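Participant: One structure, pasted below without further comment.
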Amino acid sequence: MAIVLIRAVILYILITFSLRLMGKRQLGELQPSELVVTILISNIAAIPVEDSSIPMIMGIVHILTLVCLDVVMSGVMLKSVKIRKLMIGSPRIIISEGNILQNEMKRLRYSVDDLAEAMRNQQIFDITQIQYAIVETNGKINFLLKKDYQPAEKQDIKAGGSAQDPPSVIIRDGIRDSEQLKLIDLGEAWLTKVLRENHLSEKQVFLMTADKNGNYNIVESEKKK
């Protein structure tokens, strides 16, 4: 009994340290690859606890191997947008300008019931109040309400407000997102013109957002400096 208790304590400390090292968030915010690693670690840790004939070092080596693999993959995904999209996907818009994008919902295999449940979770009960909705890579749906249904702010009272989708990220880490450019109907030529006016290349941009009206914001890469 004492051996089982000692093994459990050691593995508890090891797993806690490993998850801290991996920088994991709450369970509901885990990406698919992160969730897989977390489940594997928990299953591997249970084996030495249940079977005292298995050396502790076997469980420790396997857990540390998974942690190292996750850290390496995180570094690779940070450098490569293609691999990041392959491993965790990319956010998908399912409501734009108040219109439900039914084909996108079918592609994601999201039903009307899934959408309604996500709305209720955020205290939204009327689909006509929604201006914009996006499915994050962890499966969570975030909503933007139309101006008339948002809490009033001083600038809204003065300006009267307007219904508009939020800005999209069109350059991240020096790489353009042609799909987002297409969604906001601005085009490659517009982006090239804006970059030229700001005397920047794509590689010199850390983050660039823009909306359908052509309003944009650019954060230059520190590497440029």
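Naming works like this for the structure tokens: A, B, ... for the chains as they're shown, residue 1 at the start of each chain, ligands 1 onward in shown order.
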I want to know what sits within 7 Å of Arg172 of chain A, based on only C-alpha atoms, with residues of the same chain fewer than 5 positions away left out; could you give that as a list in words?

Facilitator: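 The residues satisfying every condition are Phe206, Leu207 and Met208 of chain A.
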
Participant: As JSON, numbers by chain, list the residues of chain A assigned to strand (DSSP E) by DSSP on the backbone atoms of this structure.

Facilitator: {"A": [92, 93, 94, 95, 96, 99, 100, 130, 131, 132, 133, 134, 135, 141, 142, 143, 144, 145, 168, 169, 170, 171, 172, 175, 176, 205, 206, 207, 208, 209, 210, 216, 217, 218, 219, 220]}

Participant: Residues of the last selection are to be written out with C-alpha atoms, as a short mmCIF file (atom, residue, chain, number, x, y, z; two decimals), in the first residue's frame.

Facilitator:
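And here's again-v3.cif as it stands now:
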```
data_model
loop_
_atom_site.label_atom_id
_atom_site.label_comp_id
_atom_site.auth_asym_id
_atom_site.auth_seq_id
_atom_site.Cartn_x
_atom_site.Cartn_y
_atom_site.Cartn_z
CA ARG A 92 -13.96 29.39 -39.22
CA ILE A 93 -16.65 32.05 -39.61
CA ILE A 94 -20.20 30.66 -39.53
CA ILE A 95 -22.18 33.92 -39.28
CA SER A 96 -21.19 37.05 -41.17
CA ASN A 99 -26.24 35.77 -42.26
CA ILE A 100 -25.68 32.11 -41.35
CA ILE A 130 -26.05 38.11 -33.88
CA GLN A 131 -23.84 40.05 -36.26
CA TYR A 132 -20.88 37.66 -36.41
CA ALA A 133 -19.89 34.23 -35.11
CA ILE A 134 -16.62 32.33 -35.37
CA VAL A 135 -15.71 28.78 -34.42
CA ILE A 141 -18.09 29.53 -30.79
CA ASN A 142 -17.66 33.24 -30.06
CA PHE A 143 -20.39 35.71 -30.97
CA LEU A 144 -20.53 39.42 -31.73
CA LEU A 145 -23.92 41.03 -31.20
CA SER A 168 -9.81 39.99 -39.60
CA VAL A 169 -6.16 39.01 -39.17
CA ILE A 170 -4.66 39.15 -42.67
CA ILE A 171 -0.95 38.95 -41.81
CA ARG A 172 0.49 36.99 -38.89
CA ILE A 175 2.73 35.55 -43.65
CA ARG A 176 -0.44 36.73 -45.36
CA VAL A 205 4.79 42.79 -40.31
CA PHE A 206 4.16 40.92 -37.07
CA LEU A 207 0.37 41.46 -37.13
CA MET A 208 -2.02 43.20 -39.50
CA THR A 209 -5.79 43.40 -39.17
CA ALA A 210 -8.34 44.94 -41.53
CA TYR A 216 -6.42 48.50 -41.02
CA ASN A 217 -3.90 48.30 -38.20
CA ILE A 218 -0.27 47.19 -38.53
CA VAL A 219 2.10 46.01 -35.81
CA GLU A 220 5.65 45.91 -37.13
#
```

Participant: What lies within 12 Å of Leu5 of chain A using only C-alpha atoms, ignoring chain neighbours under 3 positions off, as a tab-separated table (two decimals) with all heavy atoms, in the first residue's frame?

Facilitator:
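File out-v4.tsv, as written:
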```tsv
chain	number	residue	atom	x	y	z
A	1	MET	N	0.83	-1.21	0.00
A	1	MET	CA	0.00	0.00	0.00
A	1	MET	C	0.87	1.27	0.00
A	1	MET	O	0.59	2.23	-0.69
A	1	MET	CB	-0.92	-0.01	1.23
A	1	MET	CG	-1.91	1.12	1.27
A	1	MET	SD	-3.14	1.01	-0.04
A	1	MET	CE	-4.09	2.47	0.25
A	2	ALA	N	1.92	1.21	0.83
A	2	ALA	CA	2.81	2.38	0.92
A	2	ALA	C	3.50	2.63	-0.41
A	2	ALA	O	3.70	3.79	-0.81
A	2	ALA	CB	3.84	2.16	2.02
A	8	ALA	N	2.12	7.13	-6.51
A	8	ALA	CA	1.09	8.09	-6.89
A	8	ALA	C	1.55	9.52	-6.63
A	8	ALA	O	1.33	10.43	-7.45
A	8	ALA	CB	-0.20	7.80	-6.12
A	9	VAL	N	2.22	9.75	-5.50
A	9	VAL	CA	2.71	11.10	-5.16
A	9	VAL	C	3.78	11.54	-6.16
A	9	VAL	O	3.77	12.68	-6.65
A	9	VAL	CB	3.28	11.12	-3.72
A	9	VAL	CG1	4.00	12.45	-3.45
A	9	VAL	CG2	2.17	10.90	-2.71
A	10	ILE	N	4.71	10.63	-6.47
A	10	ILE	CA	5.78	10.96	-7.43
A	10	ILE	C	5.20	11.31	-8.79
A	10	ILE	O	5.59	12.31	-9.42
A	10	ILE	CB	6.78	9.79	-7.54
A	10	ILE	CG1	7.54	9.61	-6.23
A	10	ILE	CG2	7.77	10.04	-8.68
A	10	ILE	CD1	8.44	8.38	-6.20
A	11	LEU	N	4.26	10.50	-9.26
A	11	LEU	CA	3.66	10.74	-10.58
A	11	LEU	C	2.81	12.01	-10.58
A	11	LEU	O	2.76	12.73	-11.57
A	11	LEU	CB	2.82	9.53	-11.00
A	11	LEU	CG	3.63	8.30	-11.41
A	11	LEU	CD1	2.74	7.09	-11.60
A	11	LEU	CD2	4.42	8.58	-12.69
A	12	TYR	N	2.15	12.28	-9.46
A	12	TYR	CA	1.37	13.52	-9.35
A	12	TYR	C	2.27	14.74	-9.52
A	12	TYR	O	1.97	15.67	-10.27
A	12	TYR	CB	0.66	13.56	-8.00
A	12	TYR	CG	0.04	14.91	-7.68
A	12	TYR	CD1	-1.16	15.30	-8.27
A	12	TYR	CD2	0.68	15.80	-6.82
A	12	TYR	CE1	-1.71	16.54	-7.99
A	12	TYR	CE2	0.14	17.04	-6.53
A	12	TYR	CZ	-1.06	17.40	-7.12
A	12	TYR	OH	-1.59	18.63	-6.85
A	48	PRO	N	1.87	2.50	-13.91
A	48	PRO	CA	2.78	2.15	-12.80
A	48	PRO	C	2.09	2.17	-11.44
A	48	PRO	O	2.51	1.46	-10.52
A	48	PRO	CB	3.87	3.23	-12.88
A	48	PRO	CG	3.80	3.76	-14.26
A	48	PRO	CD	2.36	3.70	-14.63
A	49	VAL	N	1.03	2.99	-11.29
A	49	VAL	CA	0.32	3.06	-10.01
A	49	VAL	C	-0.49	1.79	-9.79
A	49	VAL	O	-0.54	1.23	-8.69
A	49	VAL	CB	-0.60	4.30	-9.97
A	49	VAL	CG1	-1.45	4.29	-8.69
A	49	VAL	CG2	0.23	5.58	-10.03
A	50	GLU	N	-1.15	1.33	-10.88
A	50	GLU	CA	-1.99	0.14	-10.76
A	50	GLU	C	-1.18	-1.16	-10.68
A	50	GLU	O	-1.60	-2.12	-10.03
A	50	GLU	CB	-2.94	0.07	-11.96
A	50	GLU	CG	-3.95	1.22	-12.00
A	50	GLU	CD	-4.76	1.22	-13.28
A	50	GLU	OE1	-4.44	0.41	-14.17
A	50	GLU	OE2	-5.71	2.01	-13.38
A	52	SER	N	2.40	-2.49	-9.56
A	52	SER	CA	3.66	-2.19	-8.87
A	52	SER	C	4.84	-2.96	-9.44
A	52	SER	O	5.99	-2.66	-9.11
A	52	SER	CB	3.52	-2.49	-7.38
A	52	SER	OG	3.16	-3.85	-7.17
```

Participant: With a distance cut-off of 8 Å and only C-alpha atoms, select the neighbouring residues of segment 184-199 of chain A, excluding the residue or stretch itself and same-chain residues fewer than 5 positions from it, and output the selection as an NGL selection string.

Facilitator: :A and (168 or 178 or 211-212 or 214)

Participant: Those residues with all heavy atoms, as a CSV table (one decimal), in the first residue's frame please?

Facilitator:
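File result_5.csv, as written:
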```
chain,number,residue,atom,x,y,z
A,168,SER,N,-10.4,41.3,-39.4
A,168,SER,CA,-9.8,40.0,-39.6
A,168,SER,C,-8.3,40.1,-39.6
A,168,SER,O,-7.7,41.1,-40.0
A,168,SER,CB,-10.3,39.4,-40.9
A,168,SER,OG,-11.7,39.2,-40.9
A,178,SER,N,-4.5,34.6,-47.2
A,178,SER,CA,-5.3,34.9,-48.4
A,178,SER,C,-6.7,34.6,-48.2
A,178,SER,O,-7.6,35.3,-48.8
A,178,SER,CB,-4.7,34.1,-49.6
A,178,SER,OG,-3.4,34.5,-49.9
A,211,ASP,N,-10.7,45.5,-41.8
A,211,ASP,CA,-12.1,45.2,-42.0
A,211,ASP,C,-12.5,45.4,-43.4
A,211,ASP,O,-11.7,45.8,-44.3
A,211,ASP,CB,-13.0,46.1,-41.0
A,211,ASP,CG,-12.8,47.6,-41.2
A,211,ASP,OD1,-12.5,48.0,-42.4
A,211,ASP,OD2,-13.0,48.3,-40.3
A,212,LYS,N,-13.8,45.2,-43.7
A,212,LYS,CA,-14.3,45.3,-45.0
A,212,LYS,C,-14.3,46.7,-45.6
A,212,LYS,O,-14.5,46.9,-46.8
A,212,LYS,CB,-15.7,44.7,-45.1
A,212,LYS,CG,-15.8,43.2,-44.9
A,212,LYS,CD,-17.1,42.6,-45.1
A,212,LYS,CE,-17.1,41.1,-45.0
A,212,LYS,NZ,-18.4,40.5,-45.2
A,214,GLY,N,-11.8,48.6,-45.3
A,214,GLY,CA,-10.4,49.0,-45.7
A,214,GLY,C,-9.6,49.6,-44.5
A,214,GLY,O,-8.5,50.1,-44.7
```

Participant: For Phe125 of chain A, list every protein, DNA or RNA residue within 9 Å, evaluated using only C-alpha atoms, and leave out those in the same chain fewer than 5 positions away; present the list as a list in words.

Facilitator: Ala116, Met119 and Arg120 of chain A

Participant: Quick one: residues within 10 Å of Met73 of chain A, only C-alpha atoms, excluding same-chain residues fewer than 3 positions away - as a list of chain:residue names?

Facilitator: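 These residues fall inside the cut-off: A:Ser33, A:Val67, A:Cys68, A:Leu69, A:Asp70, A:Val76, A:Met77, A:Leu78, A:Lys79, A:Ile83, A:Arg84, A:Met87.
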
Participant: With only C-alpha atoms as the counted atoms, please give the residues lying no more than 8 Å from Gly59 of chain A, apart from itself and same-chain residues fewer than 6 positions off, as a PDB file with N, CA and C atoms, in the first residue's frame.

Facilitator:
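result-v4.pdb, freshly written:
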```pdb
ATOM      1  N   ILE A  44      -0.737   6.823 -19.210  1.00  0.00           N
ATOM      2  CA  ILE A  44       0.582   6.250 -18.921  1.00  0.00           C
ATOM      3  C   ILE A  44       0.878   6.299 -17.426  1.00  0.00           C
ATOM      4  N   ALA A  45       0.499   7.415 -16.789  1.00  0.00           N
ATOM      5  CA  ALA A  45       0.766   7.572 -15.358  1.00  0.00           C
ATOM      6  C   ALA A  45      -0.008   6.549 -14.528  1.00  0.00           C
ATOM      7  N   ILE A  47      -0.640   3.418 -15.242  1.00  0.00           N
ATOM      8  CA  ILE A  47      -0.118   2.038 -15.334  1.00  0.00           C
ATOM      9  C   ILE A  47       0.834   1.695 -14.189  1.00  0.00           C
ATOM     10  N   PRO A  48       1.874   2.499 -13.913  1.00  0.00           N
ATOM     11  CA  PRO A  48       2.777   2.151 -12.796  1.00  0.00           C
ATOM     12  C   PRO A  48       2.092   2.168 -11.436  1.00  0.00           C
TER      13      PRO A  48
END
```
